[in-house]
$ cat model15.cif   # mmCIF, C-alpha atoms
data_protein
loop_
_atom_site.label_atom_id
_atom_site.label_comp_id
_atom_site.auth_asym_id
_atom_site.auth_seq_id
_atom_site.Cartn_x
_atom_site.Cartn_y
_atom_site.Cartn_z
CA MET A 25 0.00 0.00 0.00
CA ILE A 26 1.01 3.56 -0.76
CA GLN A 27 1.21 5.31 2.57
CA SER A 28 3.18 8.51 2.74
CA PHE A 29 3.19 11.16 0.02
CA ASN A 30 5.16 13.79 1.94
CA SER A 31 2.81 16.39 0.52
CA SER A 32 -0.76 16.97 1.59
CA LEU A 33 -1.48 18.69 -1.75
CA LEU A 34 -0.42 15.60 -3.68
CA GLU A 35 -2.32 13.39 -1.27
CA ASN A 36 -5.44 15.51 -1.69
CA ALA A 37 -5.27 15.40 -5.49
CA VAL A 38 -4.73 11.62 -5.42
CA ASN A 39 -7.71 11.20 -3.09
CA GLU A 40 -9.96 13.23 -5.37
CA LEU A 41 -8.75 11.54 -8.56
CA SER A 42 -9.24 8.07 -7.11
CA LYS A 43 -12.95 8.83 -6.55
CA LEU A 44 -13.41 8.65 -10.33
CA PRO A 45 -14.76 5.37 -11.71
CA GLY A 46 -12.08 2.93 -12.82
CA ILE A 47 -9.27 4.96 -11.25
CA GLY A 48 -7.60 3.39 -8.25
CA ARG A 49 -5.01 4.98 -5.99
CA LYS A 50 -2.06 3.75 -8.07
CA THR A 51 -3.47 5.22 -11.29
CA ALA A 52 -4.44 8.41 -9.45
CA LEU A 53 -0.85 8.81 -8.26
CA ARG A 54 0.45 8.20 -11.77
CA LEU A 55 -1.90 10.87 -13.16
CA ALA A 56 -0.98 13.37 -10.43
CA LEU A 57 2.76 12.88 -10.97
CA HIS A 58 2.22 13.26 -14.72
CA MET A 59 0.53 16.61 -14.10
CA LEU A 60 3.44 17.70 -11.91
CA ARG A 61 5.93 16.90 -14.67
CA ARG A 62 3.98 18.71 -17.39
CA ASP A 63 3.49 22.44 -17.92
CA GLU A 64 1.67 24.21 -15.09
CA ASN A 65 -0.90 25.68 -17.49
CA GLU A 66 -1.93 22.24 -18.65
CA ALA A 67 -2.95 21.11 -15.15
CA ILE A 68 -4.68 24.43 -14.45
CA ALA A 69 -6.62 24.16 -17.73
CA LEU A 70 -7.73 20.66 -16.75
CA GLY A 71 -8.81 21.72 -13.27
CA GLU A 72 -10.66 24.76 -14.55
CA SER A 73 -12.38 22.87 -17.37
CA ILE A 74 -13.79 20.42 -14.81
CA ILE A 75 -15.02 23.20 -12.51
CA GLU A 76 -16.50 25.25 -15.39
CA MET A 77 -18.24 22.22 -16.83
CA ARG A 78 -19.75 21.13 -13.54
CA LYS A 79 -20.87 24.63 -12.57
CA ASN A 80 -22.49 25.55 -15.87
CA ILE A 81 -23.94 22.39 -17.34
CA CYS A 82 -27.52 21.65 -16.34
CA TYR A 83 -30.22 19.42 -17.82
CA CYS A 84 -32.61 20.44 -20.60
CA GLN A 85 -36.10 20.87 -19.15
CA ARG A 86 -37.65 19.34 -22.23
CA CYS A 87 -35.51 16.31 -23.13
CA HIS A 88 -33.27 15.99 -20.01
CA ASN A 89 -30.13 15.95 -22.11
CA ILE A 90 -27.19 17.98 -20.77
CA SER A 91 -27.37 21.63 -21.71
CA GLU A 92 -25.88 25.01 -20.91
CA GLU A 93 -29.33 26.65 -21.12
CA ALA A 94 -32.80 25.70 -19.85
CA ILE A 95 -33.54 24.22 -23.29
CA CYS A 96 -30.74 22.35 -25.11
CA PRO A 97 -29.46 23.19 -28.63
CA ILE A 98 -31.06 20.06 -30.10
CA CYS A 99 -34.55 20.96 -28.80
CA ASN A 100 -34.00 24.55 -29.93
CA ASP A 101 -32.91 23.60 -33.44
CA SER A 102 -35.82 24.52 -35.72
CA ARG A 103 -34.38 22.43 -38.58
CA ARG A 104 -34.96 19.24 -36.60
CA ASP A 105 -38.18 17.22 -36.81
CA SER A 106 -39.89 18.03 -33.51
CA SER A 107 -42.64 15.44 -34.07
CA THR A 108 -40.23 12.50 -33.69
CA VAL A 109 -38.56 11.75 -30.35
CA CYS A 110 -35.88 9.15 -29.77
CA VAL A 111 -35.95 7.68 -26.24
CA VAL A 112 -32.49 6.86 -24.88
CA GLU A 113 -31.10 5.64 -21.57
CA ASN A 114 -28.51 8.36 -20.96
CA VAL A 115 -26.66 11.40 -22.24
CA LYS A 116 -23.91 9.29 -23.80
CA ASP A 117 -26.45 7.54 -26.01
CA VAL A 118 -27.54 10.92 -27.40
CA ILE A 119 -23.94 11.58 -28.44
CA THR A 120 -23.64 8.07 -29.93
CA ILE A 121 -26.87 8.39 -31.96
CA GLU A 122 -25.99 11.92 -33.07
CA SER A 123 -22.72 10.60 -34.46
CA THR A 124 -24.63 8.30 -36.85
CA ARG A 125 -26.37 11.39 -38.41
CA GLN A 126 -29.42 9.16 -39.04
CA HIS A 127 -31.81 10.77 -36.55
CA SER A 128 -33.12 14.23 -37.34
CA GLY A 129 -35.73 14.37 -34.58
CA LEU A 130 -35.44 15.24 -30.89
CA TYR A 131 -34.48 13.12 -27.88
CA HIS A 132 -35.84 12.11 -24.51
CA VAL A 133 -33.27 10.97 -21.95
CA LEU A 134 -34.76 8.53 -19.42
CA GLY A 135 -31.84 8.65 -17.00
CA GLY A 136 -31.63 4.85 -16.80
CA VAL A 137 -33.64 1.71 -17.45
CA ILE A 138 -36.04 -0.20 -15.21
CA SER A 139 -33.95 -2.57 -13.12
CA PRO A 140 -35.50 -3.95 -9.92
CA LEU A 141 -32.18 -5.54 -8.94
CA ASP A 142 -30.50 -2.13 -8.92
CA GLY A 143 -33.53 -0.54 -7.26
CA VAL A 144 -34.50 1.47 -10.37
CA SER A 145 -38.28 1.64 -10.73
CA PRO A 146 -40.28 3.48 -13.46
CA ALA A 147 -40.83 6.37 -11.03
CA ASP A 148 -37.06 7.03 -10.95
CA LEU A 149 -37.00 7.56 -14.72
CA GLU A 150 -38.31 10.32 -16.99
CA ILE A 151 -41.20 8.17 -18.21
CA ASP A 152 -44.13 10.28 -16.97
CA SER A 153 -42.54 13.35 -18.57
CA LEU A 154 -42.28 11.37 -21.83
CA VAL A 155 -45.98 10.49 -21.75
CA LYS A 156 -46.79 14.15 -21.04
CA ARG A 157 -44.57 15.23 -23.95
CA VAL A 158 -46.30 12.84 -26.34
CA SER A 159 -49.68 14.48 -25.55
CA ASP A 160 -48.52 18.08 -25.14
CA GLU A 161 -46.26 18.17 -28.18
CA ASN A 162 -48.52 16.01 -30.34
CA LEU A 163 -45.69 13.66 -31.25
CA ARG A 164 -46.07 11.48 -34.32
CA GLU A 165 -43.39 8.92 -33.54
CA VAL A 166 -41.50 7.68 -30.47
CA ILE A 167 -38.37 5.67 -31.34
CA LEU A 168 -37.31 3.38 -28.47
CA ALA A 169 -33.50 3.23 -28.62
CA LEU A 170 -32.64 1.37 -25.43
CA SER A 171 -30.01 -1.35 -25.22
CA PRO A 172 -31.12 -4.84 -26.32
CA THR A 173 -30.82 -6.20 -22.78
CA MET A 174 -33.41 -7.61 -20.41
CA GLU A 175 -33.66 -4.24 -18.60
CA GLY A 176 -33.86 -2.34 -21.89
CA ASP A 177 -36.61 -4.62 -23.20
CA THR A 178 -38.57 -4.37 -19.94
CA THR A 179 -38.38 -0.59 -20.16
CA ASN A 180 -39.35 -0.64 -23.84
CA PHE A 181 -42.41 -2.70 -23.01
CA TYR A 182 -43.38 -0.51 -20.05
CA ILE A 183 -43.20 2.64 -22.18
CA PHE A 184 -45.06 0.95 -25.02
CA ARG A 185 -47.93 0.13 -22.67
CA LYS A 186 -47.98 3.64 -21.19
CA LEU A 187 -48.27 5.10 -24.68
CA SER A 188 -50.74 2.54 -26.03
CA ASP A 189 -53.79 4.82 -25.60
CA LEU A 190 -52.16 7.77 -27.36
CA PRO A 191 -52.20 8.32 -31.14
CA VAL A 192 -48.45 7.94 -31.55
CA ARG A 193 -46.42 5.47 -33.57
CA VAL A 194 -43.99 3.59 -31.26
CA THR A 195 -41.00 2.07 -33.05
CA MET A 196 -37.78 0.48 -31.81
CA LEU A 197 -34.29 0.01 -33.24
CA ALA A 198 -33.89 -2.95 -35.59
CA ARG A 199 -32.07 -5.99 -34.24
CA GLY A 200 -30.02 -8.19 -36.50
CA LEU A 201 -26.53 -8.85 -37.78
CA SER A 202 -23.79 -6.38 -36.87
CA ILE A 203 -22.30 -4.90 -40.01
CA GLY A 204 -18.82 -6.30 -40.65
CA ASN A 205 -19.26 -9.34 -38.40
CA GLU A 206 -18.88 -12.86 -39.78
CA LEU A 207 -22.16 -14.81 -39.86
CA GLU A 208 -20.58 -17.78 -38.09
CA TYR A 209 -19.65 -15.69 -35.04
CA THR A 210 -23.10 -14.13 -34.62
CA ASP A 211 -24.95 -15.48 -31.59
CA GLU A 212 -27.95 -17.72 -32.26
CA LEU A 213 -30.51 -15.41 -30.69
CA THR A 214 -29.47 -12.47 -32.86
CA LEU A 215 -29.25 -14.66 -35.96
CA GLY A 216 -32.72 -16.08 -35.22
CA LYS A 217 -34.17 -12.57 -34.80
CA SER A 218 -32.54 -11.46 -38.03
CA ILE A 219 -34.25 -14.33 -39.89
CA GLN A 220 -37.64 -13.55 -38.32
CA ASN A 221 -37.25 -9.86 -39.13
CA ARG A 222 -35.81 -10.33 -42.62
CA VAL A 223 -36.48 -7.42 -44.96
CA LEU A 224 -37.17 -7.13 -48.69
CA PHE A 225 -33.84 -6.75 -50.42
CA ALA A 226 -35.27 -4.07 -52.69
CA ASP A 227 -36.22 -2.06 -49.58
CA THR A 228 -32.66 -2.02 -48.17
CA PHE A 229 -31.51 -0.86 -51.57
CA GLN A 230 -33.91 2.08 -51.31
CA HIS A 231 -32.67 3.02 -47.80
CA ASN A 232 -29.16 3.32 -49.10
CA LYS A 233 -29.95 5.53 -52.06
CA MET B 11 -15.87 8.48 -33.55
CA ILE B 12 -17.54 10.74 -31.04
CA GLN B 13 -18.25 13.96 -32.85
CA SER B 14 -20.81 16.27 -31.37
CA PHE B 15 -21.15 16.94 -27.66
CA ASN B 16 -23.71 19.74 -27.93
CA SER B 17 -21.80 21.54 -25.20
CA SER B 18 -18.47 23.28 -25.57
CA LEU B 19 -17.91 23.00 -21.82
CA LEU B 20 -18.25 19.22 -21.95
CA GLU B 21 -16.08 19.09 -25.05
CA ASN B 22 -13.43 21.19 -23.36
CA ALA B 23 -13.36 18.99 -20.25
CA VAL B 24 -13.16 15.85 -22.42
CA ASN B 25 -10.29 17.36 -24.41
CA GLU B 26 -8.34 18.20 -21.26
CA LEU B 27 -9.03 14.83 -19.60
CA SER B 28 -7.96 12.90 -22.69
CA LYS B 29 -4.51 14.54 -22.53
CA LEU B 30 -3.80 12.41 -19.44
CA PRO B 31 -1.76 9.23 -20.01
CA GLY B 32 -3.87 6.12 -20.56
CA ILE B 33 -7.09 8.10 -20.93
CA GLY B 34 -8.61 8.14 -24.39
CA ARG B 35 -11.60 10.18 -25.56
CA LYS B 36 -14.13 7.47 -24.65
CA THR B 37 -12.83 7.17 -21.09
CA ALA B 38 -12.60 10.97 -20.81
CA LEU B 39 -16.27 11.27 -21.80
CA ARG B 40 -17.22 8.59 -19.28
CA LEU B 41 -15.34 10.45 -16.54
CA ALA B 42 -16.88 13.81 -17.49
CA LEU B 43 -20.42 12.40 -17.52
CA HIS B 44 -19.74 10.75 -14.17
CA MET B 45 -18.77 14.14 -12.74
CA LEU B 46 -21.95 15.68 -14.13
CA ARG B 47 -24.07 13.04 -12.41
CA ARG B 48 -22.37 13.40 -9.03
CA ASP B 49 -22.57 16.23 -6.54
CA GLU B 50 -21.28 19.57 -7.82
CA ASN B 51 -18.91 19.96 -4.84
CA GLU B 52 -17.17 16.71 -5.72
CA ALA B 53 -16.16 17.92 -9.19
CA ILE B 54 -15.14 21.33 -7.84
CA ALA B 55 -13.01 19.68 -5.15
CA LEU B 56 -11.30 17.58 -7.82
CA GLY B 57 -10.64 20.57 -10.08
CA GLU B 58 -9.34 22.69 -7.23
CA SER B 59 -7.14 19.94 -5.82
CA ILE B 60 -5.44 19.62 -9.22
CA ILE B 61 -4.89 23.38 -9.54
CA GLU B 62 -3.68 23.75 -5.94
CA MET B 63 -1.30 20.84 -6.28
CA ARG B 64 0.19 22.05 -9.55
CA LYS B 65 0.56 25.64 -8.38
CA ASN B 66 2.16 24.90 -5.03
CA ILE B 67 4.28 21.79 -5.45
CA CYS B 68 7.86 22.41 -6.48
CA TYR B 69 11.01 20.30 -6.29
CA CYS B 70 13.31 20.07 -3.28
CA GLN B 71 16.58 21.89 -4.07
CA ARG B 72 18.56 19.25 -2.24
CA CYS B 73 17.10 15.87 -3.27
CA HIS B 74 14.77 16.88 -6.18
CA ASN B 75 11.82 15.10 -4.62
CA ILE B 76 8.49 16.94 -4.79
CA SER B 77 8.03 19.44 -2.01
CA GLU B 78 5.88 22.34 -0.91
CA GLU B 79 8.96 24.21 0.36
CA ALA B 80 12.46 24.80 -1.04
CA ILE B 81 13.66 21.85 1.07
CA CYS B 82 11.40 18.80 1.42
CA PRO B 83 10.19 17.33 4.75
CA ILE B 84 12.44 14.27 4.35
CA CYS B 85 15.61 16.38 3.95
CA ASN B 86 14.46 18.58 6.83
CA ASP B 87 13.79 15.67 9.19
CA SER B 88 16.63 15.73 11.75
CA ARG B 89 15.76 12.19 12.91
CA ARG B 90 16.83 10.77 9.55
CA ASP B 91 20.38 9.65 8.80
CA SER B 92 21.69 12.43 6.56
CA SER B 93 24.91 10.55 5.76
CA THR B 94 23.09 7.89 3.69
CA VAL B 95 21.39 8.79 0.41
CA CYS B 96 19.20 6.49 -1.63
CA VAL B 97 19.34 7.22 -5.39
CA VAL B 98 16.01 6.65 -7.17
CA GLU B 99 14.68 7.20 -10.67
CA ASN B 100 11.60 9.26 -9.82
CA VAL B 101 9.30 10.69 -7.19
CA LYS B 102 7.10 7.58 -7.20
CA ASP B 103 10.05 5.43 -6.17
CA VAL B 104 10.55 7.65 -3.10
CA ILE B 105 6.96 6.90 -2.08
CA THR B 106 7.44 3.19 -2.75
CA ILE B 107 10.65 2.96 -0.73
CA GLU B 108 9.20 5.07 2.09
CA SER B 109 6.32 2.59 2.35
CA THR B 110 8.78 -0.21 3.19
CA ARG B 111 10.00 1.78 6.26
CA GLN B 112 13.45 0.19 5.75
CA HIS B 113 15.34 3.33 4.68
CA SER B 114 16.01 5.95 7.31
CA GLY B 115 18.38 8.09 5.23
CA LEU B 116 17.69 10.76 2.60
CA TYR B 117 16.96 10.49 -1.13
CA HIS B 118 18.28 11.77 -4.42
CA VAL B 119 15.82 11.75 -7.32
CA LEU B 120 17.59 11.44 -10.69
CA GLY B 121 14.56 12.31 -12.80
CA GLY B 122 15.02 9.27 -15.06
CA VAL B 123 17.63 6.74 -16.13
CA ILE B 124 20.21 6.86 -18.92
CA SER B 125 18.47 5.69 -22.09
CA PRO B 126 20.07 6.60 -25.43
CA LEU B 127 17.04 5.19 -27.30
CA ASP B 128 14.74 7.67 -25.53
CA GLY B 129 17.31 10.45 -25.88
CA VAL B 130 18.09 10.59 -22.15
CA SER B 131 21.78 11.26 -21.52
CA PRO B 132 23.56 11.64 -18.15
CA ALA B 133 23.42 15.44 -18.56
CA ASP B 134 19.59 15.29 -18.45
CA LEU B 135 19.67 13.65 -15.03
CA GLU B 136 20.58 14.91 -11.55
CA ILE B 137 23.89 13.04 -11.56
CA ASP B 138 26.29 16.01 -11.27
CA SER B 139 24.28 17.31 -8.35
CA LEU B 140 24.58 13.87 -6.72
CA VAL B 141 28.38 13.91 -7.07
CA LYS B 142 28.40 17.42 -5.60
CA ARG B 143 26.22 16.28 -2.70
CA VAL B 144 28.52 13.37 -1.93
CA SER B 145 31.47 15.78 -1.52
CA ASP B 146 29.65 18.71 0.06
CA GLU B 147 27.60 16.69 2.52
CA ASN B 148 30.36 14.19 3.27
CA LEU B 149 28.07 11.22 2.58
CA ARG B 150 29.05 7.84 3.99
CA GLU B 151 26.84 5.66 1.77
CA VAL B 152 25.02 5.98 -1.55
CA ILE B 153 22.38 3.27 -2.11
CA LEU B 154 21.61 2.78 -5.81
CA ALA B 155 17.92 1.85 -5.97
CA LEU B 156 17.23 1.91 -9.71
CA SER B 157 15.14 -0.70 -11.53
CA PRO B 158 16.97 -3.94 -12.45
CA THR B 159 16.71 -3.17 -16.17
CA MET B 160 19.36 -2.50 -18.79
CA GLU B 161 18.86 1.27 -18.43
CA GLY B 162 18.90 1.05 -14.64
CA ASP B 163 22.10 -0.99 -14.66
CA THR B 164 23.77 1.37 -17.13
CA THR B 165 22.90 4.30 -14.88
CA ASN B 166 24.08 2.42 -11.78
CA PHE B 167 27.43 1.79 -13.45
CA TYR B 168 27.75 5.38 -14.68
CA ILE B 169 27.13 6.74 -11.17
CA PHE B 170 29.45 4.17 -9.62
CA ARG B 171 32.29 5.34 -11.90
CA LYS B 172 31.57 9.01 -11.19
CA LEU B 173 31.79 8.34 -7.46
CA SER B 174 34.80 6.00 -7.59
CA ASP B 175 37.31 8.67 -6.53
CA LEU B 176 35.27 9.79 -3.56
CA PRO B 177 35.45 8.20 -0.10
CA VAL B 178 31.86 6.94 -0.16
CA ARG B 179 30.46 3.43 0.07
CA VAL B 180 28.31 2.69 -3.00
CA THR B 181 25.76 -0.10 -2.51
CA MET B 182 22.84 -1.33 -4.58
CA LEU B 183 19.59 -3.15 -3.82
CA ALA B 184 19.88 -6.94 -3.49
CA ARG B 185 18.59 -9.02 -6.39
CA GLY B 186 17.11 -12.42 -5.79
CA LEU B 187 13.91 -14.34 -5.27
CA SER B 188 10.72 -12.35 -4.82
CA ILE B 189 9.16 -13.16 -1.47
CA GLY B 190 6.05 -15.30 -1.88
CA ASN B 191 6.92 -16.47 -5.42
CA GLU B 192 7.30 -20.17 -6.23
CA LEU B 193 10.88 -21.17 -7.03
CA GLU B 194 9.79 -22.93 -10.24
CA TYR B 195 8.32 -19.73 -11.69
CA THR B 196 11.39 -17.58 -10.99
CA ASP B 197 13.28 -16.67 -14.17
CA GLU B 198 16.70 -18.31 -14.63
CA LEU B 199 18.67 -15.06 -14.54
CA THR B 200 17.22 -14.05 -11.19
CA LEU B 201 17.57 -17.56 -9.80
CA GLY B 202 21.21 -17.67 -11.00
CA LYS B 203 21.93 -14.30 -9.34
CA SER B 204 20.31 -15.47 -6.13
CA ILE B 205 22.63 -18.49 -6.04
CA GLN B 206 25.73 -16.35 -6.72
CA ASN B 207 24.68 -13.87 -4.04
CA ARG B 208 23.56 -16.43 -1.48
CA VAL B 209 23.79 -15.24 2.12
CA LEU B 210 24.60 -16.93 5.42
CA PHE B 211 21.36 -18.21 6.87
CA ALA B 212 22.39 -17.00 10.33
CA ASP B 213 22.73 -13.47 8.90
CA THR B 214 19.15 -13.36 7.57
CA PHE B 215 17.98 -14.52 10.95
CA GLN B 216 19.74 -11.53 12.53
CA HIS B 217 18.13 -9.06 10.05
CA ASN B 218 14.71 -10.26 11.07
CA LYS B 219 15.14 -9.95 14.80
#

$ encode --input "model15.cif" --output "C-alpha cells"
Amino acid sequence: MIQSFNSSLLENAVNELSKLPGIGRKTALRLALHMLRRDENEAIALGESIIEMRKNICYCQRCHNISEEAICPICNDSRRDSSTVCVVENVKDVITIESTRQHSGLYHVLGGVISPLDGVSPADLEIDSLVKRVSDENLREVILALSPTMEGDTTNFYIFRKLSDLPVRVTMLARGLSIGNELEYTDELTLGKSIQNRVLFADTFQHNK
Amino acid sequence: MIQSFNSSLLENAVNELSKLPGIGRKTALRLALHMLRRDENEAIALGESIIEMRKNICYCQRCHNISEEAICPICNDSRRDSSTVCVVENVKDVITIESTRQHSGLYHVLGGVISPLDGVSPADLEIDSLVKRVSDENLREVILALSPTMEGDTTNFYIFRKLSDLPVRVTMLARGLSIGNELEYTDELTLGKSIQNRVLFADTFQHNK
C-alpha cells in the first residue's frame, strides 16, 4: 500500500482523482505525478475545465439531455423534426446516436432503465414526462432506442404500454446482424431474430440511395 | 468516432481529460459524464485539488523530490540519517521505498535513467548534483535503488564510476527471489543471481530480529 506522500497537496489530489470510476489509488498517483511533470498551465486548464463544466452544465427541461441553457441546442434547433422523439437511456447515447447522423428528430433521456435488482423503478426515470410530452407536443413517432438487454426490453415494453392509448407510432431500433461481423460468429438469438425480421432486399436498396 | 457533444464545456473537459496518459476520448467522456451526475462539490473539489497541487508543489533543491517548500520534509527531518542517500529514478520510487519503512536516510531523485534510445543522456539527469552532494555533505553511503533493467544498470554503473574517486560506500539493492513467489516460476537469470549472491542463513535470521 502507498502510505506517505510527503505532501498533503499531492495526497489531496490523489484522493480526489481516485474517486473517479475505474481509477484506483495507483493510477491516481500516476496521473498526479504526470501533471506535476507537465506544464503548469496544462494542469490548471484541466482543473478549470472540470469546474467550469460542472458549474455551468444543467439538464434540458424538455428532453433531459445535458445543456448550458434551460432548453438544449437540439430541442432549440428549428431544422430538426420536432414530431419524432428518440428515447435513450442516458446522455452518452444521445452523443452516440448523433454521431450516426441518421436521426433528425429530438431526444428524450430517461436517465436509466427499469432494473428492480438495482432498485430502479419506473418512477425514478423520466417516463411520466415522456408520456406528457407525447400528448402536449402532439408527437407522431417515439423511437425506443434502449439497449437490447433484459432491462432495456422491460423498459421498452413498459413505455409501449404507457403510450398505447395515445395516437403515436412507437418504433424500436432494428435488431439483426452487426455490419462487418462474420455470420458464423453471430450469436444464435441475434441470428434467429434477423431471420424472423428479414427485410425485402429491394427495400434495403432504397434506404441506401 | 464521437463527434458532437452539444456543449463546448463538456467538449473542453473531455479534451483536457484525454490529454492524461492512458485516458482516451471514450474514457474521458465517461469520466466527465460521471462528474456531471455526481454532486457539484465533488467535481469542484477535484478541479481545485489539481490546480492547488500544480501551483504549489515544487522540487526540493537538495534531493529533487516533490516538495511544498524549497527543502522537502524528508531532507528537513533531523531524525533521519543524513549521511546515507538512496538514489532513485523518480518521485514515485521515493513513495514506494518510504512505504517499506526500511530506509532511514535521505533520497536523491535522478529524474530518469540513462536511455540513449529515448534520448536521455547523463546530462539530463541529476547526476552532477549527486556527485556534488557526496562531496559537500560528506556522505558515507550511496544506495543505488534503480530498476533492475538495462537502463537502470547502465545508470548504476555510470554513477558508480563518477563516485569511484570519492570516499563513499556505494551499494545497490539486493537481487534475488521475490518473497512469496514459487521457485519454479522464478526466471533463470534471477535464480542464478540469487545463487551467486547467497547469504549466510544465520545473517538473515539476525536481520529479522

$ closest_atom_pairs --input "model15.cif" --of "chain B" --to "chain A" --cutoff "7 Å" --atoms "all atoms listed in the file" --output "tab-separated table"
residue	atom	partner	partner_atom	distance
B:Ile12	CA	A:Ser123	CA	6.2
B:Gln13	CA	A:Ser123	CA	5.8
B:Ser14	CA	A:Ile119	CA	6.4
B:Phe15	CA	A:Ile119	CA	6.1
B:Asn16	CA	A:Pro97	CA	6.7
B:Ser17	CA	A:Ser91	CA	6.6
B:Leu19	CA	A:Met77	CA	5.1
B:Leu20	CA	A:Met77	CA	5.9
B:Asn22	CA	A:Ser73	CA	6.3
B:Ala23	CA	A:Ser73	CA	4.9
B:Glu26	CA	A:Leu70	CA	5.2
B:Leu27	CA	A:Leu70	CA	6.6
B:Leu30	CA	A:Leu55	CA	6.7
B:Leu41	CA	A:Leu44	CA	6.7
B:Leu46	CA	A:Arg78	CA	5.9
B:Glu50	CA	A:Arg78	CA	6.1
B:Ala53	CA	A:Ile75	CA	6.3
B:Ile54	CA	A:Ile75	CA	5.0
B:Leu56	CA	A:Glu40	CA	5.2
B:Gly57	CA	A:Gly71	CA	3.9
B:Glu58	CA	A:Gly71	CA	6.1
B:Ser59	CA	A:Ala37	CA	4.9
B:Ile60	CA	A:Ala37	CA	5.6
B:Ile61	CA	A:Ile68	CA	5.0
B:Glu62	CA	A:Leu33	CA	6.9
B:Met63	CA	A:Leu33	CA	5.0
B:Arg64	CA	A:Leu60	CA	5.9
B:Lys65	CA	A:Glu64	CA	6.9
B:Ser77	CA	A:Ser31	CA	6.6
B:Glu78	CA	A:Ser31	CA	6.8
B:Pro83	CA	A:Asn30	CA	6.8
B:Ile105	CA	A:Phe29	CA	6.1
B:Thr106	CA	A:Ile26	CA	6.7
B:Glu108	CA	A:Ser28	CA	7.0
B:Ser109	CA	A:Gln27	CA	5.8

$ atom_distance --input "model15.cif" --atom1 "CA of Ser159 (chain A)" --atom2 "CA of Tyr182 (chain A)"
17.2 Å

$ resolve_selection --input "model15.cif" --expression "the PyMOL selection byres ((chain A and resi 141-158) around 10)" --output "number ranges by chain"
A: 85-88, 107-109, 111, 113, 132-140, 159-166, 175, 179, 182-183, 186-187, 190-192

$ residues_around --input "model15.cif" --residues "region 199-214 of chain B" --least-positions-apart "5" --cutoff "12 Å" --atoms "only C-alpha atoms" --output "list of chain:residue names"
B:Pro158, B:Thr159, B:Leu183, B:Ala184, B:Arg185, B:Gly186, B:Leu187, B:Ser188, B:Asn191, B:Glu192, B:Leu193, B:Glu194, B:Lys219

$ closest_residue --input "model15.cif" --among "A:Arg185, A:Ala94, A:Asp117, A:Arg103" --to "Ser171 (chain A)" --atoms "only C-alpha atoms"
A:Asp117

$ resolve_selection --input "model15.cif" --expression "the PyMOL selection byres ((chain A and resi 128) around 6)" --output "list in words"
Arg104, Asp105, His127 and Gly129 of chain A

$ atom_distance --input "model15.cif" --atom1 "CA of Val194 (chain A)" --atom2 "CA of Ile167 (chain A)"
6.0 Å

$ closest_residue --input "model15.cif" --among "A:Cys84, A:Ala52, A:Met174, A:Leu130" --to "Cys110 (chain A)" --atoms "all atoms listed in the file"
A:Leu130

$ atom_distance --input "model15.cif" --atom1 "CA of Asp197 (chain B)" --atom2 "CA of Arg49 (chain A)"
29.5 Å
